[in-house]
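Next comes my_file-v2.cif, with mmCIF, C-alpha atoms.
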data_structure
#
loop_
_atom_site.label_atom_id
_atom_site.label_comp_id
_atom_site.auth_asym_id
_atom_site.auth_seq_id
_atom_site.Cartn_x
_atom_site.Cartn_y
_atom_site.Cartn_z
CA MET W 218 174.29 70.37 78.10
CA ARG W 219 174.11 67.50 75.63
CA ALA W 220 171.13 66.61 73.49
CA LEU W 221 169.63 63.16 74.00
CA GLU W 222 168.18 61.18 71.15
CA SER W 223 164.80 60.23 72.59
CA ALA W 224 161.20 60.98 71.71
CA ALA W 225 159.94 59.60 75.03
CA SER W 226 157.60 61.85 76.98
CA PRO W 227 158.42 63.08 80.52
CA VAL W 228 155.84 60.66 81.94
CA GLU W 229 157.37 57.74 80.05
CA VAL W 230 160.92 58.56 81.16
CA ALA W 231 159.86 59.17 84.76
CA ALA W 232 157.91 55.90 84.86
CA ALA W 233 160.96 54.03 83.56
CA LEU W 234 163.30 55.53 86.17
CA GLU W 235 161.12 56.08 89.26
CA SER W 236 162.47 53.05 91.12
CA ARG W 237 166.11 54.22 90.77
CA PRO W 238 167.91 55.34 93.96
CA GLY W 239 167.41 59.03 94.68
CA PHE W 240 164.84 59.49 91.91
CA VAL W 241 163.31 62.98 91.71
CA TRP W 242 160.92 64.30 89.08
CA LEU W 243 160.39 68.07 89.16
CA ASP W 244 157.22 68.07 87.13
CA SER W 245 156.31 71.49 85.70
CA PRO W 246 154.37 72.20 82.50
CA GLY W 247 156.79 72.82 79.65
CA SER W 248 159.89 72.12 81.75
CA HIS W 249 160.81 68.88 83.52
CA LYS W 250 163.91 67.86 85.47
CA ILE W 251 164.61 64.21 86.27
CA PHE W 252 167.33 63.12 88.70
CA HIS W 253 168.53 59.73 89.95
CA THR W 254 171.58 57.99 91.40
CA PRO W 255 173.10 60.91 93.37
CA LEU W 256 176.71 61.09 94.45
CA LEU W 257 175.66 61.49 98.08
CA THR W 258 172.72 62.54 100.24
CA LEU W 259 172.61 65.12 103.03
CA THR W 260 170.09 64.58 105.82
CA SER W 261 169.72 66.38 109.10
CA GLN W 262 167.44 66.82 112.11
CA ALA W 263 169.53 69.70 113.48
CA ASN W 264 171.89 72.41 112.21
CA ALA W 265 170.49 71.92 108.71
CA PHE W 266 171.26 75.43 107.50
CA ASP W 267 174.87 75.07 108.64
CA LEU W 268 175.04 71.84 106.66
CA ILE W 269 173.70 73.59 103.54
CA GLU W 270 176.23 76.38 104.05
CA ALA W 271 179.11 73.93 104.39
CA ALA W 272 178.03 71.93 101.33
CA CYS W 273 177.76 75.03 99.15
CA LYS W 274 181.20 76.21 100.26
CA ALA W 275 182.78 72.79 99.78
CA TRP W 276 181.49 72.44 96.19
CA GLU W 277 181.41 76.12 95.25
CA GLY W 278 182.42 76.92 91.70
CA ILE W 279 181.50 73.56 90.17
CA PRO W 280 179.05 74.48 87.40
CA GLY W 281 176.36 71.91 86.68
CA ALA W 282 176.32 70.34 90.16
CA ILE W 283 172.99 70.62 91.93
CA LEU W 284 171.41 69.82 95.30
CA CYS W 285 167.83 68.61 95.05
CA GLY W 286 165.29 67.42 97.61
CA TYR W 287 163.13 68.87 100.37
CA LEU W 288 163.37 71.16 103.39
CA GLY W 289 160.84 70.18 106.05
CA TYR W 290 158.46 72.64 107.70
CA GLU W 291 160.10 72.18 111.10
CA LEU W 292 163.36 73.68 109.82
CA GLY W 293 161.67 76.96 110.64
CA SER W 294 161.70 75.91 114.30
CA GLU W 295 165.47 75.57 114.10
CA ALA W 296 165.84 78.94 112.41
CA GLU W 297 163.70 80.69 115.01
CA GLY W 298 164.90 78.80 118.09
CA LEU W 299 161.59 76.99 118.71
CA ARG W 300 161.39 73.56 120.28
CA SER W 301 160.59 70.70 117.93
CA VAL W 302 160.36 66.95 118.54
CA PRO W 303 162.22 64.86 115.91
CA GLY W 304 160.02 62.95 113.50
CA PRO W 305 160.31 59.79 111.40
CA LEU W 306 161.73 61.71 108.42
CA PRO W 307 164.68 64.12 108.55
CA ASP W 308 163.94 67.84 108.43
CA LEU W 309 166.45 68.16 105.58
CA HIS W 310 166.91 65.78 102.64
CA LEU W 311 169.09 67.08 99.81
CA ALA W 312 171.02 64.88 97.38
CA LEU W 313 174.01 65.97 95.31
CA TYR W 314 173.65 65.20 91.60
CA ASP W 315 176.39 65.57 89.02
CA GLN W 316 174.03 64.86 86.11
CA TYR W 317 170.32 65.14 85.42
CA MET W 318 167.94 65.26 82.48
CA VAL W 319 166.04 68.34 81.34
CA TRP W 320 163.02 68.34 79.04
CA ASP W 321 161.57 71.35 77.24
CA SER W 322 159.70 71.90 74.00
CA GLU W 323 162.88 71.06 72.04
CA GLY W 324 163.32 67.61 73.63
CA TRP W 325 165.71 66.06 76.17
CA LEU W 326 169.06 67.44 77.32
CA LEU W 327 171.61 65.94 79.71
CA ALA W 328 173.01 68.52 82.14
CA GLY W 329 175.67 68.25 84.79
CA THR W 330 179.39 68.27 85.44
CA ASP W 331 182.28 65.88 84.88
CA ALA W 332 184.17 67.27 87.90
CA TRP W 333 183.80 63.96 89.78
CA ARG W 334 183.04 61.39 87.08
CA ASP W 335 182.37 61.25 83.37
CA ILE W 336 178.84 62.13 82.29
CA SER W 337 177.33 59.03 80.73
CA VAL W 338 174.89 59.66 77.90
CA PRO W 339 172.24 56.91 77.90
CA ASP W 340 171.65 55.18 74.57
CA SER W 341 168.05 54.52 75.50
CA PHE W 342 165.70 54.54 78.45
CA PRO W 343 164.52 51.36 80.16
CA GLU W 344 160.96 50.26 79.59
CA ALA W 345 158.51 51.42 82.23
CA ALA W 346 157.27 48.68 84.51
CA THR W 347 153.61 47.76 84.22
CA GLY W 348 151.80 49.24 87.17
CA ALA W 349 149.83 47.02 89.55
CA PRO W 350 146.05 47.43 89.63
CA PHE W 351 145.00 50.11 92.12
CA PRO W 352 143.15 48.31 94.93
CA PRO W 353 140.31 49.81 96.97
CA VAL W 354 141.76 52.24 99.51
CA PRO W 355 140.04 52.96 102.82
CA GLU W 356 138.54 56.42 103.22
CA PRO W 357 141.15 58.67 104.86
CA THR W 358 140.72 59.60 108.51
CA ALA W 359 141.19 63.26 109.42
CA THR W 360 143.22 64.66 112.33
CA PRO W 361 141.77 66.71 113.86
CA THR W 362 138.24 65.48 113.20
CA ASP W 363 135.70 67.86 111.66
CA GLU W 364 134.32 68.79 115.06
CA ALA W 365 137.76 69.21 116.63
CA PHE W 366 138.89 71.36 113.70
CA LEU W 367 135.86 73.64 114.12
CA ARG W 368 136.72 74.09 117.80
CA ALA W 369 140.38 74.79 116.93
CA VAL W 370 139.30 77.50 114.49
CA GLU W 371 136.99 79.03 117.11
CA ARG W 372 139.82 79.12 119.68
CA THR W 373 142.16 80.66 117.13
CA ILE W 374 139.64 83.36 116.21
CA ARG W 375 139.30 84.24 119.91
CA ARG W 376 143.08 84.56 120.20
CA ILE W 377 143.08 86.88 117.21
CA HIS W 378 140.32 89.06 118.67
CA GLU W 379 142.25 89.21 121.94
CA GLY W 380 145.27 90.61 120.06
CA GLU W 381 147.57 87.63 120.58
CA ILE W 382 148.07 87.00 116.85
CA TYR W 383 146.74 88.27 113.51
CA GLN W 384 146.64 85.14 111.36
CA VAL W 385 147.45 81.43 111.65
CA ASN W 386 147.58 78.64 109.11
CA LEU W 387 145.89 75.55 110.57
CA CYS W 388 146.26 72.14 108.91
CA ARG W 389 144.28 68.93 108.92
CA LYS W 390 146.00 65.61 108.21
CA LEU W 391 144.23 63.00 106.09
CA GLU W 392 145.71 59.52 106.37
CA THR W 393 144.97 56.04 105.04
CA THR W 394 146.71 52.80 104.15
CA LEU W 395 148.41 52.51 100.75
CA PRO W 396 150.42 49.53 99.45
CA PRO W 397 153.93 50.57 98.31
CA GLU W 398 153.25 49.48 94.73
CA CYS W 399 150.41 52.02 94.56
CA VAL W 400 152.52 55.08 95.45
CA TRP W 401 153.66 55.84 91.89
CA PRO W 402 150.17 55.27 90.36
CA LEU W 403 148.75 57.60 93.03
CA TYR W 404 151.08 60.39 91.93
CA LEU W 405 150.07 59.92 88.29
CA ARG W 406 146.43 60.18 89.35
CA LEU W 407 147.09 63.33 91.37
CA ARG W 408 148.88 65.09 88.50
CA ASP W 409 146.06 64.15 86.10
CA ILE W 410 143.38 65.49 88.44
CA SER W 411 145.29 68.58 89.53
CA PRO W 412 148.13 69.54 87.15
CA ALA W 413 150.56 71.83 88.96
CA ASP W 414 153.13 74.46 88.07
CA HIS W 415 155.48 72.95 90.66
CA GLY W 416 154.68 69.25 90.81
CA ALA W 417 157.25 66.84 92.23
CA PHE W 418 157.78 63.17 93.02
CA LEU W 419 160.69 62.26 95.31
CA ARG W 420 161.74 58.66 95.97
CA ILE W 421 163.35 58.96 99.41
CA ASP W 422 163.91 55.21 99.74
CA LYS W 423 162.13 52.04 98.64
CA ASP W 424 159.45 52.53 101.32
CA THR W 425 159.14 56.33 101.34
CA ALA W 426 158.13 58.91 98.74
CA ILE W 427 156.84 62.48 98.56
CA LEU W 428 154.08 63.38 96.10
CA SER W 429 153.41 67.08 95.47
CA THR W 430 151.11 68.98 93.13
CA SER W 431 151.95 72.44 94.40
CA PRO W 432 150.87 75.60 92.56
CA GLU W 433 153.02 77.90 94.72
CA LEU W 434 156.57 79.14 94.18
CA PHE W 435 158.39 79.77 97.46
CA LEU W 436 161.75 81.13 96.28
CA ARG W 437 163.46 81.63 92.95
CA VAL W 438 166.99 83.11 92.88
CA GLU W 439 168.60 84.16 89.60
CA ASP W 440 171.54 86.60 89.34
CA GLY W 441 170.97 87.57 92.96
CA GLU W 442 167.32 88.53 92.43
CA VAL W 443 164.93 86.77 94.81
CA ARG W 444 161.28 86.21 93.93
CA SER W 445 158.50 84.77 96.07
CA TYR W 446 154.86 84.24 95.06
CA PRO W 447 152.71 83.80 98.20
CA ILE W 448 149.20 82.41 97.63
CA LYS W 449 146.21 83.12 99.84
CA GLY W 450 142.49 82.93 99.15
CA THR W 451 140.79 79.84 97.78
CA ARG W 452 137.54 78.93 96.05
CA PRO W 453 136.59 75.62 94.42
CA ARG W 454 135.86 75.47 90.69
CA GLY W 455 132.23 75.73 89.65
CA ALA W 456 130.29 73.01 87.86
CA THR W 457 129.05 75.50 85.22
CA GLU W 458 130.50 78.58 83.53
CA GLU W 459 128.11 80.80 85.50
CA GLY W 460 128.92 79.11 88.80
CA ASP W 461 132.65 79.25 88.11
CA GLU W 462 132.49 82.97 87.33
CA ALA W 463 130.49 83.60 90.52
CA LEU W 464 133.17 81.86 92.58
CA ARG W 465 135.93 83.86 90.89
CA LEU W 466 134.12 87.12 91.66
CA ASP W 467 133.45 86.04 95.23
CA LEU W 468 137.17 85.48 95.76
CA THR W 469 138.39 88.67 94.09
CA ASN W 470 135.81 90.77 95.98
CA SER W 471 136.43 89.14 99.38
CA GLU W 472 137.81 91.63 101.91
CA LYS W 473 138.72 88.75 104.22
CA ASP W 474 140.85 87.01 101.59
CA ARG W 475 142.53 90.22 100.44
CA ALA W 476 143.40 91.09 104.04
CA GLU W 477 144.74 87.56 104.59
CA LEU W 478 147.00 87.84 101.54
CA ALA W 479 148.13 91.35 102.49
CA MET W 480 149.30 90.13 105.90
CA ILE W 481 151.25 87.26 104.34
CA VAL W 482 152.82 89.61 101.80
CA ASP W 483 154.02 91.74 104.73
CA VAL W 484 155.56 88.65 106.38
CA THR W 485 157.27 87.74 103.10
CA ARG W 486 158.62 91.28 102.71
CA ASN W 487 159.94 91.17 106.27
CA ASP W 488 161.61 87.79 105.71
CA LEU W 489 163.30 88.91 102.49
CA GLY W 490 164.28 92.21 104.07
CA ARG W 491 166.51 90.35 106.52
CA VAL W 492 168.92 89.30 103.75
CA CYS W 493 168.17 91.61 100.78
CA GLN W 494 169.73 94.97 99.98
CA PRO W 495 168.03 97.86 101.82
CA GLY W 496 165.23 99.35 99.73
CA SER W 497 165.23 96.53 97.17
CA VAL W 498 162.25 94.55 98.50
CA ARG W 499 159.03 95.46 96.74
CA VAL W 500 155.64 94.02 95.79
CA GLY W 501 155.68 93.41 92.05
CA SER W 502 151.99 92.49 91.83
CA HIS W 503 149.23 91.90 94.34
CA ALA W 504 146.13 89.71 94.62
CA GLU W 505 146.14 88.47 91.04
CA LEU W 506 143.64 85.71 90.28
CA ILE W 507 144.97 82.33 89.17
CA THR W 508 142.66 79.54 88.07
CA LEU W 509 143.72 75.92 88.46
CA PRO W 510 141.89 72.76 87.38
CA THR W 511 140.32 72.29 90.81
CA LEU W 512 140.64 75.67 92.59
CA HIS W 513 140.83 79.46 92.24
CA HIS W 514 143.50 81.36 94.22
CA THR W 515 144.89 84.86 94.56
CA VAL W 516 148.66 85.38 94.44
CA SER W 517 151.15 88.21 94.90
CA LYS W 518 154.77 88.63 93.80
CA VAL W 519 157.45 89.89 96.20
CA VAL W 520 160.90 90.71 94.80
CA GLY W 521 164.23 91.66 96.36
CA GLN W 522 167.97 91.76 95.59
CA LEU W 523 170.05 89.46 97.78
CA ARG W 524 172.89 91.20 99.59
CA THR W 525 176.31 90.33 98.20
CA ASP W 526 177.39 89.04 101.61
CA ALA W 527 174.29 86.83 102.02
CA THR W 528 174.32 83.17 100.96
CA LEU W 529 171.52 80.84 99.92
CA ALA W 530 171.72 79.32 103.40
CA ASP W 531 171.22 82.82 104.90
CA LEU W 532 168.17 83.30 102.67
CA LEU W 533 166.72 79.97 103.80
CA ARG W 534 167.35 80.79 107.47
CA ALA W 535 165.48 84.07 106.99
CA THR W 536 162.48 82.67 105.15
CA CYS W 537 161.80 79.07 106.25
CA PRO W 538 159.10 77.98 106.56
CA PRO W 539 157.19 79.85 103.82
CA ALA W 540 155.10 82.76 105.06
CA SER W 541 151.87 81.55 103.46
CA ILE W 542 151.70 78.40 105.59
CA SER W 543 152.73 79.97 108.91
CA GLY W 544 150.97 83.22 109.81
CA ALA W 545 151.49 86.62 111.39
CA PRO W 546 153.44 87.31 113.48
CA LYS W 547 155.27 84.35 112.06
CA ILE W 548 157.02 82.82 115.07
CA HIS W 549 154.06 82.87 117.44
CA ALA W 550 151.71 81.74 114.66
CA MET W 551 153.89 78.65 114.24
CA GLU W 552 153.63 77.97 117.99
CA VAL W 553 149.83 78.30 117.92
CA ALA W 554 149.54 76.03 114.88
CA ALA W 555 151.70 73.33 116.49
CA GLU W 556 149.60 73.52 119.67
CA GLU W 557 146.29 73.20 117.82
CA GLU W 558 147.33 70.59 115.26
CA GLY W 559 149.15 68.18 117.57
CA PHE W 560 151.36 66.64 114.86
CA ARG W 561 154.58 67.37 112.99
CA ARG W 562 154.11 68.60 109.43
CA GLY W 563 157.43 67.22 108.17
CA PRO W 564 158.00 67.57 104.41
CA CYS W 565 154.41 68.77 103.94
CA MET W 566 154.20 72.58 104.13
CA GLY W 567 157.98 72.78 103.83
CA SER W 568 159.60 73.27 100.42
CA ILE W 569 160.75 71.13 97.49
CA GLY W 570 163.22 71.90 94.72
CA TRP W 571 166.87 72.54 93.96
CA LEU W 572 169.90 74.65 94.86
CA SER W 573 172.64 75.12 92.29
CA LEU W 574 176.21 75.55 93.42
CA ASP W 575 176.48 78.65 91.21
CA GLY W 576 174.01 80.56 93.44
CA ARG W 577 170.69 79.85 91.73
CA MET W 578 167.74 78.23 93.51
CA GLU W 579 164.11 77.29 92.95
CA LEU W 580 161.84 75.91 95.66
CA SER W 581 158.10 75.35 95.77
CA VAL W 582 155.88 75.56 98.84
CA ALA W 583 155.00 71.94 99.62
CA ILE W 584 151.23 72.44 99.72
CA ARG W 585 148.95 69.85 98.05
CA THR W 586 151.58 67.38 99.18
CA ALA W 587 151.44 63.80 100.46
CA VAL W 588 154.00 61.56 102.16
CA ALA W 589 153.86 57.80 101.59
CA ALA W 590 155.77 55.63 104.06
CA GLU W 591 155.48 52.21 105.68
CA GLY W 592 152.26 51.25 103.92
CA LYS W 593 150.45 54.51 104.69
CA VAL W 594 149.96 57.87 103.01
CA HIS W 595 149.05 61.21 104.56
CA TYR W 596 148.21 64.60 103.10
CA LEU W 597 147.87 68.02 104.74
CA ALA W 598 145.24 70.62 103.90
CA GLY W 599 145.71 74.05 105.47
CA CYS W 600 143.57 77.16 105.95
CA GLY W 601 144.50 80.71 106.91
CA ILE W 602 142.52 81.76 109.98
CA THR W 603 141.83 85.49 110.46
CA ALA W 604 139.52 87.59 112.61
CA GLU W 605 136.82 87.33 109.89
CA SER W 606 137.03 83.55 109.53
CA ASP W 607 133.92 81.41 109.74
CA PRO W 608 134.72 77.93 111.13
CA GLN W 609 132.37 76.11 108.76
CA ALA W 610 133.78 78.01 105.77
CA GLU W 611 137.34 77.12 106.82
CA LEU W 612 136.37 73.45 107.12
CA ALA W 613 134.87 73.63 103.63
CA GLU W 614 138.06 75.24 102.30
CA SER W 615 140.19 72.46 103.77
CA GLU W 616 137.93 69.92 102.06
CA ALA W 617 138.24 71.77 98.74
CA LYS W 618 142.03 71.59 99.04
CA ALA W 619 141.85 67.87 99.84
CA ALA W 620 139.37 67.02 97.07
CA ALA W 621 142.01 66.06 94.49
CA PHE W 622 143.71 63.74 97.01
CA ARG W 623 140.41 62.07 97.89
CA ARG W 624 139.50 61.61 94.21
CA ALA W 625 142.93 60.17 93.42
CA LEU W 626 142.54 57.61 96.19
CA SER W 627 139.05 56.70 95.05
CA GLY W 628 140.20 56.14 91.46
CA SER W 629 137.96 58.81 89.96
CA GLY W 630 139.40 61.27 87.46
CA PRO W 631 139.00 65.03 87.10
CA GLU W 632 135.50 66.23 87.84
CA THR W 633 133.36 67.60 85.05
CA SER W 634 133.27 71.37 85.48
CA ALA W 635 133.51 74.66 83.64
CA ARG W 636 137.22 74.19 82.96
#
Mind turning the file's structure into structure tokens?
Amino acid sequence: MRALESAASPVEVAAALESRPGFVWLDSPGSHKIFHTPLLTLTSQANAFDLIEAACKAWEGIPGAILCGYLGYELGSEAEGLRSVPGPLPDLHLALYDQYMVWDSEGWLLAGTDAWRDISVPDSFPEAATGAPFPPVPEPTATPTDEAFLRAVERTIRRIHEGEIYQVNLCRKLETTLPPECVWPLYLRLRDISPADHGAFLRIDKDTAILSTSPELFLRVEDGEVRSYPIKGTRPRGATEEGDEALRLDLTNSEKDRAELAMIVDVTRNDLGRVCQPGSVRVGSHAELITLPTLHHTVSKVVGQLRTDATLADLLRATCPPASISGAPKIHAMEVAAEEEGFRRGPCMGSIGWLSLDGRMELSVAIRTAVAAEGKVHYLAGCGITAESDPQAELAESEAKAAAFRRALSGSGPETSAR
């Protein structure tokens, strides 16, 4: 890595570069990665895991090279042999970068490899373009509607009571028009309203971008150790200290939410067990409370040691899509969700991040994620449905998860609350 002489902030650098081809900003507190101008881009609607396998083998042993992008939710259909209709965006979008910029508390570093071309150290960063005023945006429409979502939850609860499934994640899609020049300002609004441990902005092309403020880590691989941090259980933040504390206690004492998380932890353990060394998969922590600017959640940590004969592509085949946004049993839960939702999830509810050619990887779960394309933007809000679910409460939870998106579109900032 080489030090860069710049005092520019991550937001300033990202704003200056966000129109570059293949721009990606992995936007985490205390650690930022910024990519642009890749050597090439891999996209696929089929055989995506084979493509990842082939790419990793072809470029194996080149330190500093990195694949970065997204893996769509429907890749899980490929992995499990389920039918899936192709959508407007590819299920896989990973670009190969031979250099990228890293920011931490010490400043900026330039990372990469000169295996294909010389690393060019920029003398300075271009000035950020002045953003256009954010025009009024129509109120998003929801699919399914409130009433249709309530009926879908009721049907799902009946299927659970009949023993067909144990848990299903159901999503609602909120969609509205959005001029292309407003996509970048919308992301800045989202990150201000709901700062995230695993935020990301991906410029797919001049008309398409992905905006994510995810709090959830899907997979981290370091020295063969695999970690996953499934999240389940949600409460909104309170308007007062007393109200906020009451909501925290309500979540931590909820048998329904603890049972929901326990089932997803079991799915995660099963997924990792397919490619990890026997006996190595364990629960490092369970149902710990995390408090975000707009929501409370509970999270667990599942850890395993990847088998020496298993590749990153094998790990992805075994675990995609993330357990927390599918259900239990996983395969049939995905079928039920697709039947009830009636739309493809695409990049939303998939995963976003990077794979290094030296065997490391870090991917978020693409929750709290929007896709902007062709003058529109949509956002998915999901809820875990169990036998104890109340349809009205699940509708309210989906609205709590969509609140930051709605506020960002309306132009309002973070709500006044106990935080």
Top pick for closest residue to Lys518 of chain W, considering W:Ile377, W:Ala263, W:Cys388, W:Val500 and counting all atoms listed in the file: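 Among the listed residues, the smallest separation from Lys518 of chain W belongs to W:Val500.
Taking atom CA of Ala359 of chain W and atom CA of Val241 of chain W as endpoints, the distance between them is 28.3 Å.
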Identify, on the basis of all atoms listed in the file, every residue whose closest approach to Leu299 of chain W does not exceed 9 Å; exclude the query and any residue fewer than 3 positions from it along the same chain; express the result as a list in words.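 Everything that qualifies: Gly293, Ser294, Glu295, Ala296, Ile548 and Glu552 of chain W.
Note on the selection: in this file the PyMOL selection byres ((chain W and resi 324-327) around 7) comes out as Met218, Arg219, Ala220, Leu221, Ser223, Gln316, Tyr317, Met318, Val319, Trp320, Asp321, Ser322, Glu323, Ala328 and Gly329 of chain W.
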Need the shell around Pro357 of chain W: protein/DNA/RNA residues with any atom at most 12 Å away, counting all atoms listed in the file. Skip same-chain ones fewer than 2 positions apart. Format as a ChimeraX atom specification? /W:353-355,359-360,362,389-395,593-597,619-620,622-627
Enter the distance from atom CA of Gly559 of chain W to atom CA of Thr511 of chain W, in Å, rounded to one decimal.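 Atom CA of Thr511 of chain W lies at a distance of 28.5 Å from atom CA of Gly559 of chain W.
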In terms of only C-alpha atoms, the residue from W:Asp531, W:Asp575, W:Asp335, W:Glu458 at minimal distance from Asp488 of chain W is W:Asp531
Please enumerate the residues selected by the PyMOL selection byres ((chain W and resi 434) around 8) when evaluated against the supplied file, formatted as a PyMOL selection string. chain W and resi 415+432-433+435-437+445-447+579-582
Write out as an MDAnalysis selection string each polymer residue whose atoms come within 8 Å of Thr254 of chain W, counting all atoms listed in the file; drop sequence neighbours fewer than 2 positions from it. chainID W and resid 237:240 252 256 314
Computed gap from atom CA of Ala540 of chain W to atom CA of Leu478 of chain W is 10.2 Å
Give me the residues near segment 269-280 of chain W as a PyMOL selection string, where near means some atom within 9 Å (using all atoms listed in the file) and where sequence neighbours in that chain fewer than 5 positions away do not count. chain W and resi 259+264+311+329-330+332+528-531+572-576
Reconstruct segment 424-439 of chain W at the level of N, CA and C atoms, and format the result as a PDB file, keeping the file's coordinate frame.
ATOM      1  N   ASP W 424     160.711  52.514 100.575  1.00  0.00           N
ATOM      2  CA  ASP W 424     159.450  52.530 101.320  1.00  0.00           C
ATOM      3  C   ASP W 424     158.858  53.921 101.486  1.00  0.00           C
ATOM      4  N   THR W 425     159.550  54.959 101.039  1.00  0.00           N
ATOM      5  CA  THR W 425     159.140  56.330 101.340  1.00  0.00           C
ATOM      6  C   THR W 425     159.210  57.204 100.098  1.00  0.00           C
ATOM      7  N   ALA W 426     158.162  57.988  99.879  1.00  0.00           N
ATOM      8  CA  ALA W 426     158.130  58.910  98.740  1.00  0.00           C
ATOM      9  C   ALA W 426     157.310  60.135  99.107  1.00  0.00           C
ATOM     10  N   ILE W 427     157.595  61.228  98.407  1.00  0.00           N
ATOM     11  CA  ILE W 427     156.840  62.480  98.560  1.00  0.00           C
ATOM     12  C   ILE W 427     156.183  62.799  97.235  1.00  0.00           C
ATOM     13  N   LEU W 428     154.891  63.126  97.287  1.00  0.00           N
ATOM     14  CA  LEU W 428     154.080  63.380  96.100  1.00  0.00           C
ATOM     15  C   LEU W 428     153.502  64.793  96.231  1.00  0.00           C
ATOM     16  N   SER W 429     153.834  65.686  95.327  1.00  0.00           N
ATOM     17  CA  SER W 429     153.410  67.080  95.470  1.00  0.00           C
ATOM     18  C   SER W 429     152.838  67.613  94.164  1.00  0.00           C
ATOM     19  N   THR W 430     151.700  68.271  94.274  1.00  0.00           N
ATOM     20  CA  THR W 430     151.110  68.980  93.130  1.00  0.00           C
ATOM     21  C   THR W 430     150.906  70.441  93.512  1.00  0.00           C
ATOM     22  N   SER W 431     152.007  71.079  93.872  1.00  0.00           N
ATOM     23  CA  SER W 431     151.950  72.440  94.400  1.00  0.00           C
ATOM     24  C   SER W 431     151.815  73.485  93.294  1.00  0.00           C
ATOM     25  N   PRO W 432     150.951  74.473  93.484  1.00  0.00           N
ATOM     26  CA  PRO W 432     150.870  75.600  92.560  1.00  0.00           C
ATOM     27  C   PRO W 432     151.735  76.789  92.967  1.00  0.00           C
ATOM     28  N   GLU W 433     152.429  76.700  94.116  1.00  0.00           N
ATOM     29  CA  GLU W 433     153.020  77.900  94.720  1.00  0.00           C
ATOM     30  C   GLU W 433     154.546  77.872  94.699  1.00  0.00           C
ATOM     31  N   LEU W 434     155.126  78.957  94.177  1.00  0.00           N
ATOM     32  CA  LEU W 434     156.570  79.140  94.180  1.00  0.00           C
ATOM     33  C   LEU W 434     156.986  79.834  95.475  1.00  0.00           C
ATOM     34  N   PHE W 435     157.873  79.198  96.219  1.00  0.00           N
ATOM     35  CA  PHE W 435     158.390  79.770  97.460  1.00  0.00           C
ATOM     36  C   PHE W 435     159.504  80.763  97.186  1.00  0.00           C
ATOM     37  N   LEU W 436     160.580  80.289  96.549  1.00  0.00           N
ATOM     38  CA  LEU W 436     161.750  81.130  96.280  1.00  0.00           C
ATOM     39  C   LEU W 436     162.338  80.785  94.921  1.00  0.00           C
ATOM     40  N   ARG W 437     162.653  81.798  94.163  1.00  0.00           N
ATOM     41  CA  ARG W 437     163.460  81.630  92.950  1.00  0.00           C
ATOM     42  C   ARG W 437     164.576  82.660  93.006  1.00  0.00           C
ATOM     43  N   VAL W 438     165.830  82.217  92.854  1.00  0.00           N
ATOM     44  CA  VAL W 438     166.990  83.110  92.880  1.00  0.00           C
ATOM     45  C   VAL W 438     167.713  82.983  91.550  1.00  0.00           C
ATOM     46  N   GLU W 439     167.900  84.109  90.883  1.00  0.00           N
ATOM     47  CA  GLU W 439     168.600  84.160  89.600  1.00  0.00           C
ATOM     48  C   GLU W 439     169.359  85.477  89.551  1.00  0.00           C
TER      49      GLU W 439
END
